[in-house]
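Raw model_21.cif, mmCIF, C-alpha atoms:
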```cif
data_protein
loop_
_atom_site.group_PDB
_atom_site.id
_atom_site.type_symbol
_atom_site.label_atom_id
_atom_site.label_comp_id
_atom_site.auth_asym_id
_atom_site.auth_seq_id
_atom_site.Cartn_x
_atom_site.Cartn_y
_atom_site.Cartn_z
ATOM 1 C CA MET X 342 -33.968 -134.998 44.031
ATOM 2 C CA PRO X 343 -34.897 -133.401 47.379
ATOM 3 C CA GLU X 344 -37.201 -135.627 49.399
ATOM 4 C CA PRO X 345 -40.642 -134.500 50.603
ATOM 5 C CA ILE X 346 -40.724 -133.131 54.137
ATOM 6 C CA ASP X 347 -43.089 -134.634 56.693
ATOM 7 C CA LEU X 348 -45.589 -131.883 57.471
ATOM 8 C CA THR X 349 -46.941 -133.734 60.496
ATOM 9 C CA VAL X 350 -43.900 -132.695 62.519
ATOM 10 C CA HIS X 351 -44.856 -129.072 62.088
ATOM 11 C CA SER X 352 -48.630 -129.186 61.732
ATOM 12 C CA ALA X 353 -49.001 -125.856 63.557
ATOM 13 C CA LEU X 354 -47.661 -124.069 60.479
ATOM 14 C CA PRO X 355 -50.246 -124.326 57.670
ATOM 15 C CA CYS X 356 -47.991 -123.664 54.696
ATOM 16 C CA GLN X 357 -48.713 -124.179 51.031
ATOM 17 C CA PRO X 358 -47.570 -127.832 50.699
ATOM 18 C CA GLY X 359 -45.913 -127.169 47.343
ATOM 19 C CA VAL X 360 -43.364 -124.976 49.113
ATOM 20 C CA ILE X 361 -41.809 -127.932 50.888
ATOM 21 C CA ASP X 362 -42.796 -130.900 48.700
ATOM 22 C CA ALA X 363 -40.223 -132.260 46.268
ATOM 23 C CA VAL X 364 -40.223 -130.557 42.885
ATOM 24 C CA PRO X 365 -42.790 -132.013 40.452
ATOM 25 C CA ALA X 366 -42.114 -133.703 37.124
ATOM 26 C CA GLN X 367 -43.516 -130.697 35.233
ATOM 27 C CA ALA X 368 -44.213 -127.085 36.156
ATOM 28 C CA ARG X 369 -45.241 -123.745 34.723
ATOM 29 C CA TYR X 370 -44.306 -120.369 36.197
ATOM 30 C CA LEU X 371 -46.681 -117.459 35.590
ATOM 31 C CA SER X 372 -46.402 -113.802 36.548
ATOM 32 C CA TRP X 373 -48.735 -110.850 36.070
ATOM 33 C CA THR X 374 -48.427 -107.098 36.290
ATOM 34 C CA LEU X 375 -51.277 -104.792 37.291
ATOM 35 C CA HIS X 376 -53.192 -102.210 35.304
ATOM 36 C CA PRO X 377 -52.549 -98.964 37.215
ATOM 37 C CA GLY X 378 -56.211 -97.964 37.340
ATOM 38 C CA ALA X 379 -57.504 -101.064 39.118
ATOM 39 C CA SER X 380 -59.408 -100.357 42.343
ATOM 40 C CA ARG X 381 -58.636 -102.020 45.633
ATOM 41 C CA SER X 382 -62.099 -103.600 45.768
ATOM 42 C CA THR X 383 -61.684 -105.070 42.296
ATOM 43 C CA LEU X 384 -58.295 -106.530 43.158
ATOM 44 C CA ALA X 385 -59.598 -107.932 46.422
ATOM 45 C CA LEU X 386 -62.488 -109.678 44.656
ATOM 46 C CA ALA X 387 -60.140 -111.144 42.057
ATOM 47 C CA LEU X 388 -57.745 -112.446 44.708
ATOM 48 C CA GLN X 389 -60.635 -113.832 46.711
ATOM 49 C CA ALA X 390 -61.810 -115.765 43.656
ATOM 50 C CA LEU X 391 -58.290 -116.962 42.869
ATOM 51 C CA ALA X 392 -57.548 -118.011 46.451
ATOM 52 C CA GLY X 393 -60.617 -120.230 46.391
ATOM 53 C CA GLN X 394 -59.071 -122.214 43.532
ATOM 54 C CA ILE X 395 -55.528 -122.532 44.944
ATOM 55 C CA ASP X 396 -54.763 -125.425 47.290
ATOM 56 C CA GLY X 397 -51.078 -124.595 47.683
ATOM 57 C CA GLN X 398 -50.006 -128.042 46.553
ATOM 58 C CA HIS X 399 -50.798 -128.189 42.851
ATOM 59 C CA ALA X 400 -50.323 -124.428 42.590
ATOM 60 C CA VAL X 401 -48.217 -122.162 44.823
ATOM 61 C CA LEU X 402 -49.361 -118.531 44.936
ATOM 62 C CA GLY X 403 -47.198 -115.477 45.570
ATOM 63 C CA LEU X 404 -48.170 -111.804 45.950
ATOM 64 C CA GLY X 405 -45.671 -109.098 45.049
ATOM 65 C CA ALA X 406 -45.112 -105.723 46.688
ATOM 66 C CA PRO X 407 -46.837 -103.862 43.781
ATOM 67 C CA LEU X 408 -50.048 -105.797 44.390
ATOM 68 C CA LEU X 409 -49.895 -105.317 48.150
ATOM 69 C CA ALA X 410 -49.319 -101.590 47.640
ATOM 70 C CA ALA X 411 -52.412 -101.434 45.424
ATOM 71 C CA LEU X 412 -54.331 -103.131 48.234
ATOM 72 C CA ASP X 413 -52.841 -100.654 50.709
ATOM 73 C CA ARG X 414 -51.339 -103.530 52.664
ATOM 74 C CA THR X 415 -47.843 -104.703 53.598
ATOM 75 C CA VAL X 416 -46.258 -107.974 54.665
ATOM 76 C CA PRO X 417 -43.316 -107.763 57.081
ATOM 77 C CA GLY X 418 -40.029 -108.406 55.326
ATOM 78 C CA LEU X 419 -41.362 -108.322 51.773
ATOM 79 C CA THR X 420 -39.551 -105.923 49.476
ATOM 80 C CA PRO X 421 -39.310 -105.820 45.684
ATOM 81 C CA PHE X 422 -36.294 -107.552 44.190
ATOM 82 C CA ALA X 423 -33.254 -105.279 43.982
ATOM 83 C CA ALA X 424 -29.609 -105.736 43.043
ATOM 84 C CA PRO X 425 -27.259 -105.275 46.017
ATOM 85 C CA ALA X 426 -25.256 -102.068 46.143
ATOM 86 C CA GLY X 427 -21.836 -102.639 44.654
ATOM 87 C CA SER X 428 -22.840 -105.608 42.506
ATOM 88 C CA ARG X 429 -20.278 -106.320 39.793
ATOM 89 C CA VAL X 430 -22.747 -108.136 37.559
ATOM 90 C CA ASP X 431 -26.042 -107.214 35.936
ATOM 91 C CA LEU X 432 -28.977 -108.409 38.044
ATOM 92 C CA PRO X 433 -32.175 -107.554 36.149
ATOM 93 C CA VAL X 434 -35.286 -106.601 38.109
ATOM 94 C CA THR X 435 -38.564 -107.970 36.711
ATOM 95 C CA GLN X 436 -40.762 -107.546 39.755
ATOM 96 C CA ALA X 437 -44.382 -108.480 39.030
ATOM 97 C CA ALA X 438 -47.552 -108.192 41.078
ATOM 98 C CA LEU X 439 -48.705 -111.818 41.104
ATOM 99 C CA TRP X 440 -46.809 -115.098 40.733
ATOM 100 C CA LEU X 441 -48.032 -118.660 40.366
ATOM 101 C CA TRP X 442 -46.073 -121.906 40.286
ATOM 102 C CA LEU X 443 -48.228 -124.612 38.702
ATOM 103 C CA ARG X 444 -47.078 -128.136 39.565
ATOM 104 C CA GLY X 445 -47.991 -131.481 38.033
ATOM 105 C CA ASP X 446 -47.071 -134.400 35.785
ATOM 106 C CA ASP X 447 -48.479 -133.321 32.413
ATOM 107 C CA ALA X 448 -47.192 -130.213 30.638
ATOM 108 C CA GLY X 449 -50.323 -129.974 28.515
ATOM 109 C CA ALA X 450 -52.581 -130.076 31.549
ATOM 110 C CA LEU X 451 -50.545 -127.283 33.134
ATOM 111 C CA LEU X 452 -51.008 -125.143 30.032
ATOM 112 C CA HIS X 453 -54.775 -125.542 30.267
ATOM 113 C CA ARG X 454 -54.707 -124.783 33.994
ATOM 114 C CA ALA X 455 -52.778 -121.585 33.235
ATOM 115 C CA ARG X 456 -55.431 -120.571 30.711
ATOM 116 C CA ALA X 457 -58.145 -121.249 33.286
ATOM 117 C CA VAL X 458 -56.406 -119.008 35.830
ATOM 118 C CA GLN X 459 -56.209 -116.188 33.311
ATOM 119 C CA ALA X 460 -59.888 -116.589 32.485
ATOM 120 C CA LEU X 461 -60.762 -116.483 36.189
ATOM 121 C CA LEU X 462 -58.759 -113.274 36.722
ATOM 122 C CA ASP X 463 -60.324 -111.652 33.653
ATOM 123 C CA GLN X 464 -63.808 -112.581 34.793
ATOM 124 C CA ALA X 465 -63.281 -111.428 38.383
ATOM 125 C CA ALA X 466 -61.327 -108.218 37.720
ATOM 126 C CA GLY X 467 -61.971 -107.401 34.066
ATOM 127 C CA ALA X 468 -59.818 -108.135 31.047
ATOM 128 C CA GLY X 469 -56.440 -106.429 31.186
ATOM 129 C CA VAL X 470 -56.374 -105.736 34.927
ATOM 130 C CA PHE X 471 -53.959 -108.622 35.463
ATOM 131 C CA GLU X 472 -51.626 -108.730 32.454
ATOM 132 C CA LEU X 473 -49.719 -111.964 31.975
ATOM 133 C CA VAL X 474 -46.103 -110.971 31.330
ATOM 134 C CA ASP X 475 -44.348 -114.306 31.706
ATOM 135 C CA SER X 476 -45.337 -117.946 31.247
ATOM 136 C CA LEU X 477 -42.539 -120.498 31.320
ATOM 137 C CA ALA X 478 -42.639 -124.296 31.362
ATOM 138 C CA ALA X 479 -40.086 -126.148 33.490
ATOM 139 C CA PHE X 480 -39.341 -129.759 34.344
ATOM 140 C CA CYS X 481 -37.397 -132.082 36.607
ATOM 141 C CA HIS X 482 -34.240 -133.298 34.846
ATOM 142 C CA ALA X 483 -32.271 -136.448 35.671
ATOM 143 C CA ALA X 484 -33.687 -136.843 39.180
ATOM 144 C CA GLY X 485 -32.988 -133.269 40.221
ATOM 145 C CA ARG X 486 -29.974 -132.142 38.185
ATOM 146 C CA ASP X 487 -29.382 -128.852 36.455
ATOM 147 C CA LEU X 488 -28.944 -128.997 32.675
ATOM 148 C CA THR X 489 -25.189 -128.739 33.259
ATOM 149 C CA GLY X 490 -25.434 -132.174 34.884
ATOM 150 C CA TYR X 491 -24.729 -131.054 38.457
ATOM 151 C CA GLU X 492 -27.078 -131.907 41.307
ATOM 152 C CA ASP X 493 -29.191 -128.934 42.327
ATOM 153 C CA GLY X 494 -30.046 -128.082 45.924
ATOM 154 C CA THR X 495 -27.453 -130.401 47.473
ATOM 155 C CA GLU X 496 -27.126 -128.283 50.618
ATOM 156 C CA ASN X 497 -30.842 -127.785 51.203
ATOM 157 C CA PRO X 498 -31.732 -127.965 54.912
ATOM 158 C CA GLU X 499 -33.734 -131.039 55.868
ATOM 159 C CA GLY X 500 -36.558 -131.891 58.253
ATOM 160 C CA ASN X 501 -37.354 -129.312 60.909
ATOM 161 C CA ALA X 502 -34.410 -127.205 59.760
ATOM 162 C CA ALA X 503 -36.007 -126.897 56.325
ATOM 163 C CA LEU X 504 -39.311 -125.842 57.835
ATOM 164 C CA ALA X 505 -37.597 -123.273 60.049
ATOM 165 C CA ALA X 506 -35.691 -121.873 57.071
ATOM 166 C CA ALA X 507 -38.688 -121.684 54.741
ATOM 167 C CA LEU X 508 -41.668 -120.754 56.915
ATOM 168 C CA MET X 509 -42.663 -117.888 59.157
ATOM 169 C CA ASP X 510 -43.758 -118.997 62.627
ATOM 170 C CA GLU X 511 -46.433 -117.729 64.996
ATOM 171 C CA SER X 512 -44.310 -114.747 66.029
ATOM 172 C CA ALA X 513 -44.732 -113.227 62.547
ATOM 173 C CA GLY X 514 -48.227 -111.962 63.318
ATOM 174 C CA ALA X 515 -51.863 -112.727 62.623
ATOM 175 C CA GLY X 516 -52.440 -114.722 59.451
ATOM 176 C CA LEU X 517 -48.713 -115.032 58.668
ATOM 177 C CA ALA X 518 -47.696 -118.280 60.373
ATOM 178 C CA GLY X 519 -46.881 -120.861 57.706
ATOM 179 C CA SER X 520 -46.310 -118.294 54.986
ATOM 180 C CA SER X 521 -43.042 -117.806 53.107
ATOM 181 C CA LEU X 522 -41.131 -115.198 51.199
ATOM 182 C CA VAL X 523 -39.750 -116.404 47.878
ATOM 183 C CA ALA X 524 -37.045 -115.103 45.582
ATOM 184 C CA VAL X 525 -37.325 -116.096 41.916
ATOM 185 C CA GLN X 526 -34.698 -115.648 39.215
ATOM 186 C CA ARG X 527 -34.389 -117.076 35.733
ATOM 187 C CA TRP X 528 -30.789 -117.988 34.889
ATOM 188 C CA GLU X 529 -29.957 -118.603 31.224
ATOM 189 C CA HIS X 530 -27.092 -120.980 30.522
ATOM 190 C CA ASP X 531 -24.610 -120.752 27.668
ATOM 191 C CA LEU X 532 -23.978 -124.475 27.348
ATOM 192 C CA GLY X 533 -21.444 -123.873 24.578
ATOM 193 C CA ALA X 534 -19.345 -121.741 26.930
ATOM 194 C CA PHE X 535 -19.833 -124.347 29.641
ATOM 195 C CA ASP X 536 -18.654 -127.179 27.378
ATOM 196 C CA ALA X 537 -15.595 -125.134 26.359
ATOM 197 C CA LEU X 538 -14.410 -125.003 29.974
ATOM 198 C CA GLY X 539 -13.641 -128.708 30.091
ATOM 199 C CA GLN X 540 -14.462 -131.058 32.962
ATOM 200 C CA GLU X 541 -11.831 -129.826 35.428
ATOM 201 C CA GLN X 542 -12.762 -126.153 35.111
ATOM 202 C CA GLN X 543 -16.448 -127.025 35.193
ATOM 203 C CA ASP X 544 -15.964 -128.811 38.516
ATOM 204 C CA LEU X 545 -13.867 -125.944 39.898
ATOM 205 C CA SER X 546 -16.485 -123.401 38.816
ATOM 206 C CA ILE X 547 -19.174 -125.275 40.743
ATOM 207 C CA GLY X 548 -16.923 -126.437 43.566
ATOM 208 C CA ARG X 549 -18.141 -130.017 43.316
ATOM 209 C CA ARG X 550 -17.245 -132.955 41.124
ATOM 210 C CA ARG X 551 -20.061 -133.781 38.740
ATOM 211 C CA SER X 552 -19.106 -137.462 38.830
ATOM 212 C CA ASP X 553 -19.870 -138.028 42.528
ATOM 213 C CA ASN X 554 -21.182 -134.647 43.783
ATOM 214 C CA GLU X 555 -18.334 -134.440 46.317
ATOM 215 C CA GLU X 556 -17.194 -130.971 47.328
ATOM 216 C CA ILE X 557 -13.685 -130.002 46.181
ATOM 217 C CA ALA X 558 -11.700 -129.039 49.277
ATOM 218 C CA ASP X 559 -9.310 -126.681 47.485
ATOM 219 C CA ALA X 560 -11.856 -125.098 45.140
ATOM 220 C CA PRO X 561 -11.149 -121.411 44.396
ATOM 221 C CA ASP X 562 -12.951 -118.641 46.265
ATOM 222 C CA SER X 563 -15.031 -117.990 43.127
ATOM 223 C CA ALA X 564 -16.515 -121.520 43.120
ATOM 224 C CA HIS X 565 -20.289 -121.448 43.392
ATOM 225 C CA VAL X 566 -20.278 -123.729 46.441
ATOM 226 C CA ARG X 567 -17.811 -121.430 48.214
ATOM 227 C CA ARG X 568 -19.830 -118.327 47.329
ATOM 228 C CA THR X 569 -23.118 -119.747 48.638
ATOM 229 C CA ALA X 570 -22.142 -122.014 51.566
ATOM 230 C CA GLN X 571 -25.113 -121.180 53.764
ATOM 231 C CA GLU X 572 -23.392 -121.992 57.052
ATOM 232 C CA ASP X 573 -20.508 -119.597 56.288
ATOM 233 C CA PHE X 574 -22.602 -116.447 56.635
ATOM 234 C CA ASP X 575 -23.132 -114.542 59.866
ATOM 235 C CA PRO X 576 -25.933 -115.113 60.602
ATOM 236 C CA GLU X 577 -26.279 -118.353 58.662
ATOM 237 C CA ALA X 578 -28.138 -117.908 55.376
ATOM 238 C CA PHE X 579 -30.304 -120.982 54.914
ATOM 239 C CA VAL X 580 -33.057 -121.066 52.303
ATOM 240 C CA LEU X 581 -35.108 -123.914 50.871
ATOM 241 C CA ARG X 582 -34.397 -124.198 47.160
ATOM 242 C CA ARG X 583 -37.019 -125.552 44.782
ATOM 243 C CA SER X 584 -35.421 -124.719 41.429
ATOM 244 C CA MET X 585 -36.244 -126.360 38.092
ATOM 245 C CA PRO X 586 -34.619 -126.393 34.622
ATOM 246 C CA PHE X 587 -36.335 -124.897 31.584
ATOM 247 C CA ILE X 588 -36.006 -124.935 27.796
ATOM 248 C CA ASP X 589 -37.543 -122.057 25.851
ATOM 249 C CA GLY X 590 -36.770 -122.359 22.145
ATOM 250 C CA GLU X 591 -32.982 -122.107 21.858
ATOM 251 C CA ARG X 592 -32.693 -120.752 25.403
ATOM 252 C CA CYS X 593 -32.289 -122.933 28.447
ATOM 253 C CA GLY X 594 -31.268 -122.697 32.065
ATOM 254 C CA LEU X 595 -32.650 -122.801 35.581
ATOM 255 C CA VAL X 596 -35.596 -121.138 37.299
ATOM 256 C CA PHE X 597 -34.010 -120.450 40.689
ATOM 257 C CA VAL X 598 -36.615 -120.495 43.462
ATOM 258 C CA ALA X 599 -35.651 -119.966 47.117
ATOM 259 C CA PHE X 600 -38.219 -119.948 49.924
ATOM 260 C CA GLY X 601 -37.447 -118.370 53.271
ATOM 261 C CA ALA X 602 -38.971 -117.066 56.462
ATOM 262 C CA SER X 603 -37.028 -113.924 55.538
ATOM 263 C CA LEU X 604 -35.416 -112.561 52.380
ATOM 264 C CA ALA X 605 -32.233 -111.766 54.308
ATOM 265 C CA PRO X 606 -30.525 -115.139 53.611
ATOM 266 C CA PHE X 607 -31.185 -114.868 49.874
ATOM 267 C CA ASN X 608 -29.986 -111.262 49.789
ATOM 268 C CA ALA X 609 -26.806 -112.227 51.653
ATOM 269 C CA GLN X 610 -26.054 -114.987 49.143
ATOM 270 C CA LEU X 611 -26.799 -112.712 46.191
ATOM 271 C CA ARG X 612 -24.520 -110.031 47.576
ATOM 272 C CA ARG X 613 -21.632 -112.491 47.820
ATOM 273 C CA MET X 614 -22.316 -114.096 44.417
ATOM 274 C CA SER X 615 -22.407 -110.712 42.695
ATOM 275 C CA GLY X 616 -19.049 -109.611 44.085
ATOM 276 C CA ALA X 617 -20.614 -106.822 46.133
ATOM 277 C CA GLU X 618 -19.201 -108.257 49.358
ATOM 278 C CA ASP X 619 -15.540 -108.812 48.511
ATOM 279 C CA GLY X 620 -15.124 -108.210 44.769
ATOM 280 C CA VAL X 621 -15.096 -111.931 43.903
ATOM 281 C CA VAL X 622 -17.799 -112.851 41.390
ATOM 282 C CA ASP X 623 -19.334 -116.327 41.434
ATOM 283 C CA ALA X 624 -17.784 -118.530 38.731
ATOM 284 C CA LEU X 625 -21.308 -119.535 37.752
ATOM 285 C CA LEU X 626 -21.345 -116.272 35.810
ATOM 286 C CA ARG X 627 -18.764 -117.747 33.430
ATOM 287 C CA PHE X 628 -21.529 -119.667 31.665
ATOM 288 C CA SER X 629 -24.847 -118.478 33.110
ATOM 289 C CA ARG X 630 -26.529 -115.123 33.646
ATOM 290 C CA PRO X 631 -29.664 -113.976 35.454
ATOM 291 C CA VAL X 632 -32.319 -112.473 33.183
ATOM 292 C CA SER X 633 -35.060 -111.884 35.758
ATOM 293 C CA GLY X 634 -35.512 -111.201 39.446
ATOM 294 C CA ALA X 635 -38.567 -110.886 41.697
ATOM 295 C CA CYS X 636 -39.726 -111.526 45.264
ATOM 296 C CA TYR X 637 -43.162 -112.535 46.562
ATOM 297 C CA TRP X 638 -45.100 -113.417 49.699
ATOM 298 C CA CYS X 639 -46.617 -116.905 49.647
ATOM 299 C CA PRO X 640 -49.596 -116.948 52.037
ATOM 300 C CA PRO X 641 -50.478 -119.904 54.271
ATOM 301 C CA VAL X 642 -53.269 -122.394 53.581
ATOM 302 C CA ARG X 643 -56.256 -123.009 55.800
ATOM 303 C CA GLY X 644 -59.358 -125.047 55.072
ATOM 304 C CA GLY X 645 -57.876 -126.346 51.846
ATOM 305 C CA GLN X 646 -57.349 -122.940 50.235
ATOM 306 C CA VAL X 647 -54.958 -120.014 50.393
ATOM 307 C CA ASP X 648 -55.545 -117.788 53.429
ATOM 308 C CA LEU X 649 -55.306 -114.057 52.658
ATOM 309 C CA SER X 650 -56.591 -112.851 56.018
ATOM 310 C CA ALA X 651 -53.205 -111.216 56.727
ATOM 311 C CA VAL X 652 -54.039 -108.709 53.987
ATOM 312 C CA ASP X 653 -57.720 -108.435 55.007
ATOM 313 C CA ILE X 654 -59.171 -110.570 52.224
ATOM 314 C CA ALA X 655 -61.722 -113.036 53.558
ATOM 315 C CA ALA X 656 -62.250 -116.518 52.163
ATOM 316 C CA ARG X 657 -65.236 -117.036 49.888
#
```

Using structure tokens, write down the structure from this file.
Amino acid sequence: MPEPIDLTVHSALPCQPGVIDAVPAQARYLSWTLHPGASRSTLALALQALAGQIDGQHAVLGLGAPLLAALDRTVPGLTPFAAPAGSRVDLPVTQAALWLWLRGDDAGALLHRARAVQALLDQAAGAGVFELVDSLAAFCHAAGRDLTGYEDGTENPEGNAALAAALMDESAGAGLAGSSLVAVQRWEHDLGAFDALGQEQQDLSIGRRRSDNEEIADAPDSAHVRRTAQEDFDPEAFVLRRSMPFIDGERCGLVFVAFGASLAPFNAQLRRMSGAEDGVVDALLRFSRPVSGACYWCPPVRGGQVDLSAVDIAAR
């Protein structure tokens, strides 16, 4: 499991702590769309109320481009999720207006916290203004492994490199230092297809041995590790991954979450994985497929609550 990062070495960047903390034991991902008739003032009041309840550690908040457009505001570098031109695989777009990653130790408590957030939004903006379109429980499995048994996030940057990859700095502009852009995809696994590959082909598809997590030197170009080696891009494409497995009835897989100071590294990796760069599709697609895709801006935290001053929403 990725270790927590010492925030004291970068105290000038007031990020939401949950962005860089290790993944929790339990989580719930929520996303909302907007009623098209909602006024800017109504949305601002609702976000002001919500921000007052979000500490960035037990809940990480993200605002999507549709919500910012309704507020008549923009955040540099934030664009809705989109499949790269020339992609050879289906990359669904499920861009929402508002995203929340609830973090904790008790799945039941997270459910009740999700209900409380919905009640707050309904009270502040009116019922139906923020429509909950996705609510998914996730968990930490086997000390940070995907349900396939492979370690997840092995090549995450560490220490100051992780902070530099995940967080905007002071040069981003007023109210933006410490904020992040996040890409979120839900990948559904076909574990039957995965099992049918056999151990050798499973390892070659990932590019690492499951037994010891060692990279396979002569793995094929389609191996996931080869497709996403962050140092092999120009410029390098480092992101801070905070992904978690999920089980939803008979469906299961991974909620892929990648934080960055920019979306460019994620987009570069997605382009290569999808075959848009060189025609080679990531072998991960042999047994897993993306079923959602969205991007959000995660504001910084000041005074113990989310700071939305960059989009002209004052703290309560």

Any chance you could tabulate, as JSON lines, the residues of stretch 354-393 of chain X at most 12 Å from stretch 569-587 of chain X with each one's nearest atom pair and distance in Å to one decimal, using all atoms listed in the file, in chain and rising number order?
```
{"residue": "X:Gly359", "atom": "CA", "partner": "X:Arg583", "partner_atom": "CA", "distance": 9.4}
{"residue": "X:Val360", "atom": "CA", "partner": "X:Arg583", "partner_atom": "CA", "distance": 7.7}
{"residue": "X:Ile361", "atom": "CA", "partner": "X:Leu581", "partner_atom": "CA", "distance": 7.8}
{"residue": "X:Asp362", "atom": "CA", "partner": "X:Arg583", "partner_atom": "CA", "distance": 8.8}
{"residue": "X:Ala363", "atom": "CA", "partner": "X:Arg583", "partner_atom": "CA", "distance": 7.6}
{"residue": "X:Val364", "atom": "CA", "partner": "X:Arg583", "partner_atom": "CA", "distance": 6.2}
{"residue": "X:Pro365", "atom": "CA", "partner": "X:Met585", "partner_atom": "CA", "distance": 9.0}
{"residue": "X:Ala366", "atom": "CA", "partner": "X:Met585", "partner_atom": "CA", "distance": 9.5}
{"residue": "X:Gln367", "atom": "CA", "partner": "X:Met585", "partner_atom": "CA", "distance": 8.9}
{"residue": "X:Ala368", "atom": "CA", "partner": "X:Met585", "partner_atom": "CA", "distance": 8.2}
{"residue": "X:Arg369", "atom": "CA", "partner": "X:Phe587", "partner_atom": "CA", "distance": 9.5}
{"residue": "X:Tyr370", "atom": "CA", "partner": "X:Met585", "partner_atom": "CA", "distance": 10.2}
```

**Message:** Counting all atoms listed in the file, which residue out of X:Ser552, X:Ser633, X:Ala506, X:Val474 sits closest to X:Gly519?
**Reply:**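 The shortest atom-to-atom distance to X:Gly519 comes from X:Ala506.
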
**Message:** I'd like to know which of X:Arg550, X:His376, X:Arg444, X:Arg630 is closest to X:Ala468, using only C-alpha atoms.
**Reply:**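 Of all the options, X:His376 lies closest to X:Ala468.
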
**Request:** Measuring atom to atom with all atoms listed in the file, identify which of X:Pro377, X:Ala609, X:Ser428, X:Trp442 is nearest to X:Ala410.
**Result:** X:Pro377

**Request:** Please indicate the distance in Å from atom CA of X:Asp475 to atom CA of X:Gly449, rounded to one decimal place.
**Result:** 17.1 Å

Applied to this file, what does the PyMOL selection byres ((chain X and resi 432) around 10) return in terms of residues, put as a CSV table (one decimal) with C-alpha atoms, in the coordinates of the input?
```csv
chain,number,residue,atom,x,y,z
X,422,PHE,CA,-36.3,-107.6,44.2
X,423,ALA,CA,-33.3,-105.3,44.0
X,424,ALA,CA,-29.6,-105.7,43.0
X,425,PRO,CA,-27.3,-105.3,46.0
X,428,SER,CA,-22.8,-105.6,42.5
X,429,ARG,CA,-20.3,-106.3,39.8
X,430,VAL,CA,-22.7,-108.1,37.6
X,431,ASP,CA,-26.0,-107.2,35.9
X,433,PRO,CA,-32.2,-107.6,36.1
X,434,VAL,CA,-35.3,-106.6,38.1
X,435,THR,CA,-38.6,-108.0,36.7
X,526,GLN,CA,-34.7,-115.6,39.2
X,611,LEU,CA,-26.8,-112.7,46.2
X,615,SER,CA,-22.4,-110.7,42.7
X,630,ARG,CA,-26.5,-115.1,33.6
X,631,PRO,CA,-29.7,-114.0,35.5
X,632,VAL,CA,-32.3,-112.5,33.2
X,633,SER,CA,-35.1,-111.9,35.8
X,634,GLY,CA,-35.5,-111.2,39.4
```

**Request:** Tell me, as a list in words, which residues lie within 9 Å of X:Phe535, counting only C-alpha atoms; anything in the same chain fewer than 3 positions away does not count.
**Result:** Thr489, His530, Asp531, Leu532, Leu538, Gly539, Gln543, Arg627, Phe628 and Ser629 of chain X

**Request:** Place a sphere of radius 10 Å on (-55.4, -122.5, 46.7) in the file coordinates and name every protein, DNA or RNA residue with an atom inside or on its surface, counting all atoms listed in the file; give the answer as number ranges by chain.
**Result:** X: 357, 390-402, 640-648

**Request:** Specify as a list of chain:residue names each residue included when the PyMOL selection byres ((chain X and resi 439) around 8) is applied to this file.
**Result:**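 What the PyMOL selection byres ((chain X and resi 439) around 8) grabs from the file is X:Ser372, X:Trp373, X:Thr374, X:Leu402, X:Gly403, X:Leu404, X:Gly405, X:Leu408, X:Ala437, X:Ala438, X:Trp440, X:Leu441, X:Tyr637.
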
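Atom pair atom CA of X:His482 / atom CA of X:Ala457 has a distance of 26.8 Å (rounded to one decimal).
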
Per-axis box centre and lengths in Å around stretch 621-625 of chain X, 8 Å margin per side, axis-aligned, as JSON:
```
{"center_x": -18.2, "center_y": -115.7, "center_z": 40.8, "size_x": 22.2, "size_y": 23.6, "size_z": 22.2}
```

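Taking atom CA of X:Ala448 and atom CA of X:Gly590 as the two end points, the separation is 15.6 Å.
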
**Selected residue, from X:Ala564, X:Leu371, X:Leu649, X:Asp553, that lies nearest to X:Glu472 when counting only C-alpha atoms** =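 Of X:Ala564, X:Leu371, X:Leu649, X:Asp553, the one nearest X:Glu472 is X:Leu371, counting only C-alpha atoms.
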